[in-house]
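Asker: One file is attached below, input-v8.txt, containing compact mmCIF, C-alpha atoms.
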# COMPACT_ATOMS: atom_id res chain seq x y z
CA MET A 1 -82.82 -104.35 -50.62
CA ALA A 2 -80.30 -102.17 -48.80
CA ASP A 3 -80.42 -99.59 -51.60
CA ASP A 4 -84.22 -99.54 -51.43
CA SER A 5 -84.08 -98.95 -47.69
CA LEU A 6 -81.57 -96.13 -48.10
CA GLY A 7 -83.70 -94.51 -50.79
CA SER A 8 -86.78 -94.71 -48.59
CA ALA A 9 -84.91 -93.17 -45.69
CA ARG A 10 -83.72 -90.26 -47.83
CA SER A 11 -87.20 -89.73 -49.21
CA ALA A 12 -88.66 -89.68 -45.71
CA GLU A 13 -86.00 -87.24 -44.56
CA GLN A 14 -86.65 -84.88 -47.47
CA GLY A 15 -90.35 -84.96 -46.71
CA SER A 16 -89.98 -84.43 -42.97
CA PRO A 17 -91.75 -81.39 -41.45
CA ALA A 18 -88.45 -79.78 -40.43
CA ILE A 19 -86.98 -80.05 -43.93
CA GLN A 20 -90.21 -78.80 -45.48
CA THR A 21 -90.21 -75.80 -43.16
CA VAL A 22 -86.68 -74.83 -44.17
CA GLN A 23 -87.49 -75.28 -47.85
CA ARG A 24 -90.60 -73.12 -47.64
CA ALA A 25 -88.77 -70.38 -45.75
CA ALA A 26 -86.08 -70.42 -48.44
CA VAL A 27 -88.72 -70.12 -51.17
CA ILE A 28 -90.17 -67.03 -49.50
CA LEU A 29 -86.79 -65.35 -49.06
CA ASN A 30 -85.70 -66.21 -52.62
CA ALA A 31 -88.84 -64.58 -53.99
CA PHE A 32 -87.30 -61.16 -53.30
CA THR A 33 -84.96 -59.77 -55.94
CA ALA A 34 -83.37 -56.44 -56.75
CA ALA A 35 -86.13 -55.89 -59.29
CA ARG A 36 -88.87 -56.96 -56.84
CA PRO A 37 -87.70 -55.90 -53.34
CA ARG A 38 -91.25 -55.56 -51.93
CA LEU A 39 -93.93 -58.22 -52.27
CA SER A 40 -97.51 -58.68 -51.12
CA LEU A 41 -98.81 -61.70 -49.24
CA ASN A 42 -100.65 -62.78 -52.40
CA GLU A 43 -97.37 -62.75 -54.35
CA LEU A 44 -95.57 -64.71 -51.64
CA THR A 45 -98.45 -67.18 -51.50
CA ALA A 46 -98.17 -67.72 -55.25
CA SER A 47 -94.41 -68.30 -54.95
CA LEU A 48 -94.94 -70.76 -52.11
CA GLY A 49 -97.78 -72.63 -53.79
CA THR A 50 -99.76 -73.04 -50.56
CA SER A 51 -102.80 -71.46 -48.96
CA LYS A 52 -102.68 -67.84 -47.86
CA ALA A 53 -102.99 -68.96 -44.23
CA THR A 54 -99.89 -71.13 -44.55
CA ALA A 55 -97.94 -68.33 -46.24
CA HIS A 56 -98.98 -65.92 -43.51
CA ARG A 57 -97.78 -68.35 -40.84
CA TYR A 58 -94.35 -68.52 -42.44
CA THR A 59 -94.06 -64.76 -42.96
CA LYS A 60 -94.96 -64.21 -39.31
CA ALA A 61 -92.16 -66.56 -38.19
CA LEU A 62 -89.69 -64.87 -40.52
CA ARG A 63 -90.69 -61.45 -39.22
CA GLU A 64 -90.07 -62.62 -35.65
CA SER A 65 -86.57 -63.65 -36.74
CA ASN A 66 -85.97 -60.23 -38.39
CA LEU A 67 -85.62 -61.94 -41.77
CA LEU A 68 -88.69 -60.12 -43.08
CA ARG A 69 -90.21 -56.69 -42.53
CA TYR A 70 -93.85 -55.73 -43.04
CA ASP A 71 -95.15 -52.31 -44.00
CA GLU A 72 -98.64 -52.22 -42.51
CA ARG A 73 -99.58 -49.03 -44.35
CA GLU A 74 -98.83 -50.47 -47.79
CA GLY A 75 -99.36 -54.13 -46.94
CA LEU A 76 -95.98 -55.16 -48.42
CA TYR A 77 -93.14 -57.37 -47.19
CA SER A 78 -89.42 -56.78 -47.69
CA LEU A 79 -86.25 -58.46 -46.47
CA GLY A 80 -85.42 -57.72 -42.84
CA PRO A 81 -82.25 -56.38 -41.18
CA GLN A 82 -80.99 -59.85 -40.25
CA ILE A 83 -80.44 -60.47 -43.96
CA LEU A 84 -77.75 -57.77 -43.93
CA THR A 85 -75.92 -59.58 -41.14
CA LEU A 86 -76.11 -62.87 -43.03
CA SER A 87 -75.01 -61.16 -46.23
CA ALA A 88 -71.97 -59.68 -44.50
CA ALA A 89 -71.08 -63.08 -43.06
CA ALA A 90 -71.43 -64.73 -46.48
CA ARG A 91 -69.17 -62.15 -48.07
CA ALA A 92 -66.61 -62.52 -45.29
CA ALA A 93 -66.47 -66.23 -46.10
CA MET A 94 -65.47 -65.45 -49.72
CA PRO A 95 -61.74 -64.63 -49.71
CA VAL A 96 -61.93 -63.30 -53.26
CA ILE A 97 -64.02 -60.33 -52.10
CA SER A 98 -61.56 -59.16 -49.46
CA ILE A 99 -58.55 -59.86 -51.69
CA ALA A 100 -60.04 -58.17 -54.75
CA GLY A 101 -61.32 -55.10 -52.88
CA PRO A 102 -58.11 -53.03 -52.68
CA HIS A 103 -57.18 -53.92 -56.27
CA MET A 104 -60.63 -52.89 -57.51
CA GLN A 105 -60.31 -49.54 -55.71
CA HIS A 106 -56.88 -49.02 -57.26
CA LEU A 107 -58.29 -49.84 -60.70
CA VAL A 108 -61.10 -47.32 -60.22
CA ARG A 109 -58.53 -44.63 -59.46
CA GLU A 110 -56.49 -45.65 -62.50
CA ILE A 111 -59.26 -45.77 -65.12
CA ASP A 112 -62.02 -43.66 -63.48
CA GLU A 113 -64.73 -46.21 -64.32
CA THR A 114 -66.98 -48.52 -62.31
CA VAL A 115 -65.40 -51.88 -61.38
CA VAL A 116 -67.58 -54.86 -60.47
CA LEU A 117 -66.94 -58.31 -59.00
CA SER A 118 -69.37 -61.17 -59.66
CA VAL A 119 -69.57 -64.79 -58.51
CA TRP A 120 -71.59 -67.76 -59.80
CA ASP A 121 -74.71 -68.71 -57.80
CA GLY A 122 -75.41 -71.96 -59.61
CA ASP A 123 -77.56 -70.32 -62.25
CA THR A 124 -76.03 -67.00 -63.23
CA ALA A 125 -73.53 -64.28 -62.26
CA VAL A 126 -74.34 -62.26 -59.12
CA VAL A 127 -72.65 -58.97 -58.23
CA VAL A 128 -70.95 -59.18 -54.82
CA ARG A 129 -68.96 -55.93 -54.91
CA ALA A 130 -69.02 -52.71 -56.93
CA ASP A 131 -66.64 -49.74 -56.70
CA ASP A 132 -66.91 -46.45 -58.55
CA ASN A 133 -65.83 -42.82 -58.40
CA THR A 134 -68.63 -41.02 -56.56
CA ASP A 135 -67.12 -37.64 -57.52
CA ARG A 136 -67.95 -38.12 -61.20
CA VAL A 137 -70.88 -36.10 -62.49
CA ILE A 138 -71.99 -39.01 -64.68
CA ARG A 139 -71.19 -42.56 -63.64
CA VAL A 140 -72.58 -46.05 -64.06
CA SER A 141 -73.79 -47.51 -60.77
CA VAL A 142 -74.20 -51.26 -60.29
CA ARG A 143 -76.15 -52.62 -57.33
CA THR A 144 -74.62 -55.37 -55.19
CA GLY A 145 -76.86 -58.42 -55.38
CA SER A 146 -77.83 -57.82 -59.01
CA ARG A 147 -78.23 -61.03 -61.02
CA LEU A 148 -76.80 -60.72 -64.51
CA SER A 149 -77.74 -62.51 -67.70
CA ARG A 150 -75.47 -65.52 -68.10
CA THR A 151 -75.45 -65.30 -71.90
CA GLU A 152 -75.83 -61.57 -72.58
CA SER A 153 -73.66 -59.91 -69.91
CA ALA A 154 -69.88 -59.80 -70.16
CA GLN A 155 -69.52 -61.39 -66.71
CA GLY A 156 -72.06 -64.10 -67.45
CA ARG A 157 -70.22 -65.07 -70.62
CA VAL A 158 -66.97 -65.42 -68.67
CA PHE A 159 -68.65 -68.10 -66.56
CA CYS A 160 -70.04 -69.74 -69.71
CA ALA A 161 -66.51 -69.87 -71.10
CA PHE A 162 -64.61 -71.22 -68.10
CA LEU A 163 -67.01 -73.16 -65.88
CA PRO A 164 -67.52 -76.88 -66.55
CA PRO A 165 -70.46 -77.06 -69.00
CA ASP A 166 -72.57 -79.09 -66.56
CA ASP A 167 -72.35 -76.24 -64.04
CA VAL A 168 -74.17 -73.83 -66.39
CA PRO A 169 -77.84 -74.83 -66.74
CA GLY A 170 -79.01 -74.78 -70.34
CA LEU A 171 -75.60 -73.86 -71.76
CA ALA A 172 -75.55 -76.68 -74.30
CA GLU A 173 -78.90 -75.56 -75.68
CA ASP A 174 -77.84 -71.90 -75.69
CA LEU A 175 -74.65 -72.69 -77.60
CA ALA A 176 -76.48 -74.92 -80.06
CA GLY A 177 -78.97 -72.17 -80.79
CA SER A 178 -76.58 -69.24 -81.16
CA ALA A 179 -73.56 -69.12 -83.46
CA GLU A 180 -72.74 -65.69 -82.05
CA LEU A 181 -72.57 -67.07 -78.49
CA ARG A 182 -70.40 -70.00 -79.60
CA HIS A 183 -68.01 -67.60 -81.33
CA GLU A 184 -67.91 -65.29 -78.31
CA VAL A 185 -67.27 -68.11 -75.82
CA ASP A 186 -64.42 -69.43 -77.97
CA LYS A 187 -62.96 -65.92 -78.20
CA ILE A 188 -63.13 -65.43 -74.43
CA ARG A 189 -61.27 -68.70 -73.91
CA ARG A 190 -58.55 -67.55 -76.33
CA THR A 191 -58.15 -63.97 -75.14
CA GLY A 192 -59.15 -64.21 -71.48
CA ILE A 193 -61.53 -61.24 -71.74
CA SER A 194 -65.19 -60.67 -72.56
CA ALA A 195 -66.62 -57.50 -74.10
CA ASN A 196 -70.28 -56.63 -74.30
CA THR A 197 -72.26 -53.61 -75.53
CA PRO A 198 -76.03 -53.95 -75.01
CA SER A 199 -77.86 -52.17 -77.79
CA VAL A 200 -80.54 -50.72 -75.52
CA ASN A 201 -78.74 -48.71 -72.85
CA GLY A 202 -75.44 -47.37 -74.18
CA VAL A 203 -73.41 -49.21 -71.52
CA ARG A 204 -70.26 -51.15 -72.40
CA SER A 205 -68.64 -53.71 -70.11
CA LEU A 206 -65.42 -55.70 -70.15
CA ALA A 207 -64.93 -58.76 -67.95
CA ALA A 208 -62.01 -61.02 -67.05
CA PRO A 209 -61.89 -64.29 -65.08
CA ILE A 210 -60.41 -64.83 -61.62
CA PHE A 211 -59.28 -68.34 -60.70
CA ARG A 212 -58.28 -70.22 -57.58
CA GLY A 213 -56.22 -73.20 -58.62
CA SER A 214 -57.78 -74.30 -61.90
CA THR A 215 -61.27 -73.32 -60.77
CA LEU A 216 -63.05 -70.16 -61.92
CA ILE A 217 -64.44 -68.41 -58.85
CA ALA A 218 -65.24 -64.86 -59.99
CA ALA A 219 -65.38 -62.39 -62.85
CA MET A 220 -64.10 -58.82 -62.58
CA ALA A 221 -65.58 -56.23 -64.91
CA ILE A 222 -65.25 -52.62 -65.97
CA VAL A 223 -68.62 -51.01 -66.62
CA GLY A 224 -68.98 -47.64 -68.35
CA THR A 225 -70.61 -45.87 -71.25
CA THR A 226 -69.88 -46.55 -74.90
CA SER A 227 -68.10 -43.19 -75.05
CA SER A 228 -65.82 -43.82 -72.07
CA VAL A 229 -65.00 -47.53 -72.50
CA PRO A 230 -63.31 -48.27 -75.86
CA GLU A 231 -64.65 -51.07 -78.02
CA GLY A 232 -62.59 -54.24 -78.37
CA THR A 233 -60.57 -56.44 -76.06
CA ASP A 234 -57.09 -54.89 -76.50
CA SER A 235 -57.71 -51.33 -75.28
CA PRO A 236 -55.72 -49.84 -72.36
CA LEU A 237 -58.76 -50.42 -70.11
CA ALA A 238 -58.96 -54.07 -71.14
CA VAL A 239 -55.23 -54.50 -70.47
CA ALA A 240 -55.59 -52.85 -67.04
CA LEU A 241 -58.53 -55.11 -66.20
CA GLN A 242 -56.68 -58.28 -67.18
CA ARG A 243 -53.64 -57.17 -65.18
CA THR A 244 -55.77 -56.57 -62.09
CA ALA A 245 -57.65 -59.86 -62.43
CA ALA A 246 -54.32 -61.68 -62.82
CA VAL A 247 -52.99 -60.06 -59.64
CA VAL A 248 -56.04 -61.22 -57.68
CA THR A 249 -55.70 -64.69 -59.21
CA ALA A 250 -52.05 -64.78 -58.19
CA GLU A 251 -52.89 -63.73 -54.62
CA LEU A 252 -55.39 -66.57 -54.49
CA GLY A 253 -52.51 -68.93 -55.20
CA THR A 254 -52.92 -69.61 -58.91
CA ALA A 255 -50.24 -69.90 -61.55
CA THR A 256 -51.63 -68.15 -64.61
CA GLY A 257 -51.08 -68.44 -68.33
CA GLU A 258 -50.18 -65.69 -70.79
CA ASN A 259 -53.73 -64.29 -70.85
CA GLY A 260 -54.10 -64.25 -67.06
CA HIS A 261 -56.03 -67.51 -66.83
CA PRO A 262 -55.28 -71.25 -66.67
CA THR A 263 -54.71 -72.70 -70.10
CA ALA A 264 -57.33 -74.83 -71.82
CA ASN A 265 -56.76 -77.93 -73.89
CA GLY A 266 -58.45 -78.62 -77.20
CA ASN A 267 -61.55 -79.98 -75.47
CA GLY A 268 -62.02 -76.81 -73.42
CA ALA A 269 -60.89 -78.48 -70.17
CA ARG A 270 -59.04 -76.18 -67.81
CA THR A 271 -55.48 -77.06 -66.83
CA ARG A 272 -53.09 -75.08 -64.72
CA ALA A 273 -50.36 -73.24 -66.55
CA ARG A 274 -46.83 -74.40 -65.80
Translate this structure into structure tokens?
Answerer:
Amino acid sequence: MADDSLGSARSAEQGSPAIQTVQRAAVILNAFTAARPRLSLNELTASLGTSKATAHRYTKALRESNLLRYDEREGLYSLGPQILTLSAAARAAMPVISIAGPHMQHLVREIDETVVLSVWDGDTAVVVRADDNTDRVIRVSVRTGSRLSRTESAQGRVFCAFLPPDDVPGLAEDLAGSAELRHEVDKIRRTGISANTPSVNGVRSLAAPIFRGSTLIAAMAIVGTTSSVPEGTDSPLAVALQRTAAVVTAELGTATGENGHPTANGNGARTRAR
């Protein structure tokens, strides 16, 4: 009886007007992505799954809080300036960003390629910092906030290799359906580095894990062209990347193994190197 009462209380709480308001506001804000930075009221209404009047009421409240902007001429919404303040606060709360920053800048000067830091958002890898040499005539630019493919990007595959399987939605199905992905994940666990060359854009990336304790918290990557970033995981660039990721890991208080990451037992469980 007590359990039933507790369940009813939780259900009532989740369905309360205040909770529903927060959830709907989050749905609206999450509808914006790097690929879709400007949305119409109709698009926001579809994301929210309510009437247009209800969606308009929420967008008006978010505009008053500077979380949304509205372009009256084009009739499109975009994220407001308060989002930048919240984003800065969120990044400040992630020690890995401030610790990795100087090392990423040093690596850029050493290899003259773009260096990217990504974290896991519960579904995929998200870029939280990118450094490159702006003096280069041709360079690869990566936008902060970009969400990367968890199974096709080098950074995403690092998270597939070192996060607990239950933390990666759909990973079991992905591994079961792709021998290539299974082989790559096993290789990343052995070598501590991920290499990826998409066939469509001529960009090659290398990624290495960053740990705090025995927990993977970020992936650092080198991103360049197929002509400037050598293929394979044992090139001088790959070695420099692993060295830099290991330094950041060490500064976060982790003892690392030979490949710059905590060792894994036969079942893929992460254990701290001695």
Asker: Considering all atoms listed in the file, can you say which of A:Ser194, A:Ala208, A:Glu74, A:Glu152 comes closest to Ala245 of chain A?
Answerer: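 Ranking A:Ser194, A:Ala208, A:Glu74, A:Glu152 by distance to Ala245 of chain A, first place goes to A:Ala208.
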Asker: If we count all atoms listed in the file, what is near segment 33-39 of chain A at a cut-off of 8 Å, once residues fewer than 2 positions away on the same chain are taken out, given as an NGL selection string?
Answerer: :A and (30-31 or 41 or 43-44 or 76-79 or 145-146)
Asker: Residues near segment 51-58 of chain A, anyone? I mean within 9 Å using all atoms listed in the file, not counting same-chain ones fewer than 6 positions away, as a ChimeraX atom specification.
Answerer: /A:21,24-25,28,41-42,44-45
Asker: Provide the atom CA of Ser227 of chain A to atom CA of His183 of chain A distance in Å, to one decimal place.
Answerer: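 Straight-line distance from atom CA of Ser227 of chain A to atom CA of His183 of chain A works out to 25.2 Å.
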Asker: Please compute the atom CA of Glu180 of chain A-atom CA of Phe162 of chain A distance, one decimal, in Å.
Answerer: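 Distance between the two atoms: 17.1 Å.
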Asker: For a test of reading the model, state the distance in Å between atom CA of Gly224 of chain A and atom CA of Gln242 of chain A, rounded to one decimal.
Answerer: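 Straight-line distance from atom CA of Gly224 of chain A to atom CA of Gln242 of chain A works out to 16.3 Å.
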Asker: From the options A:Gln20, A:Ala172, A:Val119, A:Thr114, which residue's atoms come nearest to Leu237 of chain A, counting all atoms listed in the file?
Answerer: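 Ranking A:Gln20, A:Ala172, A:Val119, A:Thr114 by distance to Leu237 of chain A, first place goes to A:Thr114.
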Asker: So which one's closest to Ala195 of chain A, A:Lys60, A:Arg243, A:Arg139, A:Arg157? Using all atoms listed in the file, please.
Answerer: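 Looking at the shortest contact to Ala195 of chain A, the residue is A:Arg157.
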Asker: Find the residues near segment 246-253 of chain A: any atom within 7 Å, counting all atoms listed in the file, skip ones fewer than 2 places away on the same chain, and give them as a ChimeraX atom specification.
Answerer: /A:99-100,210-213,242-244,255,260
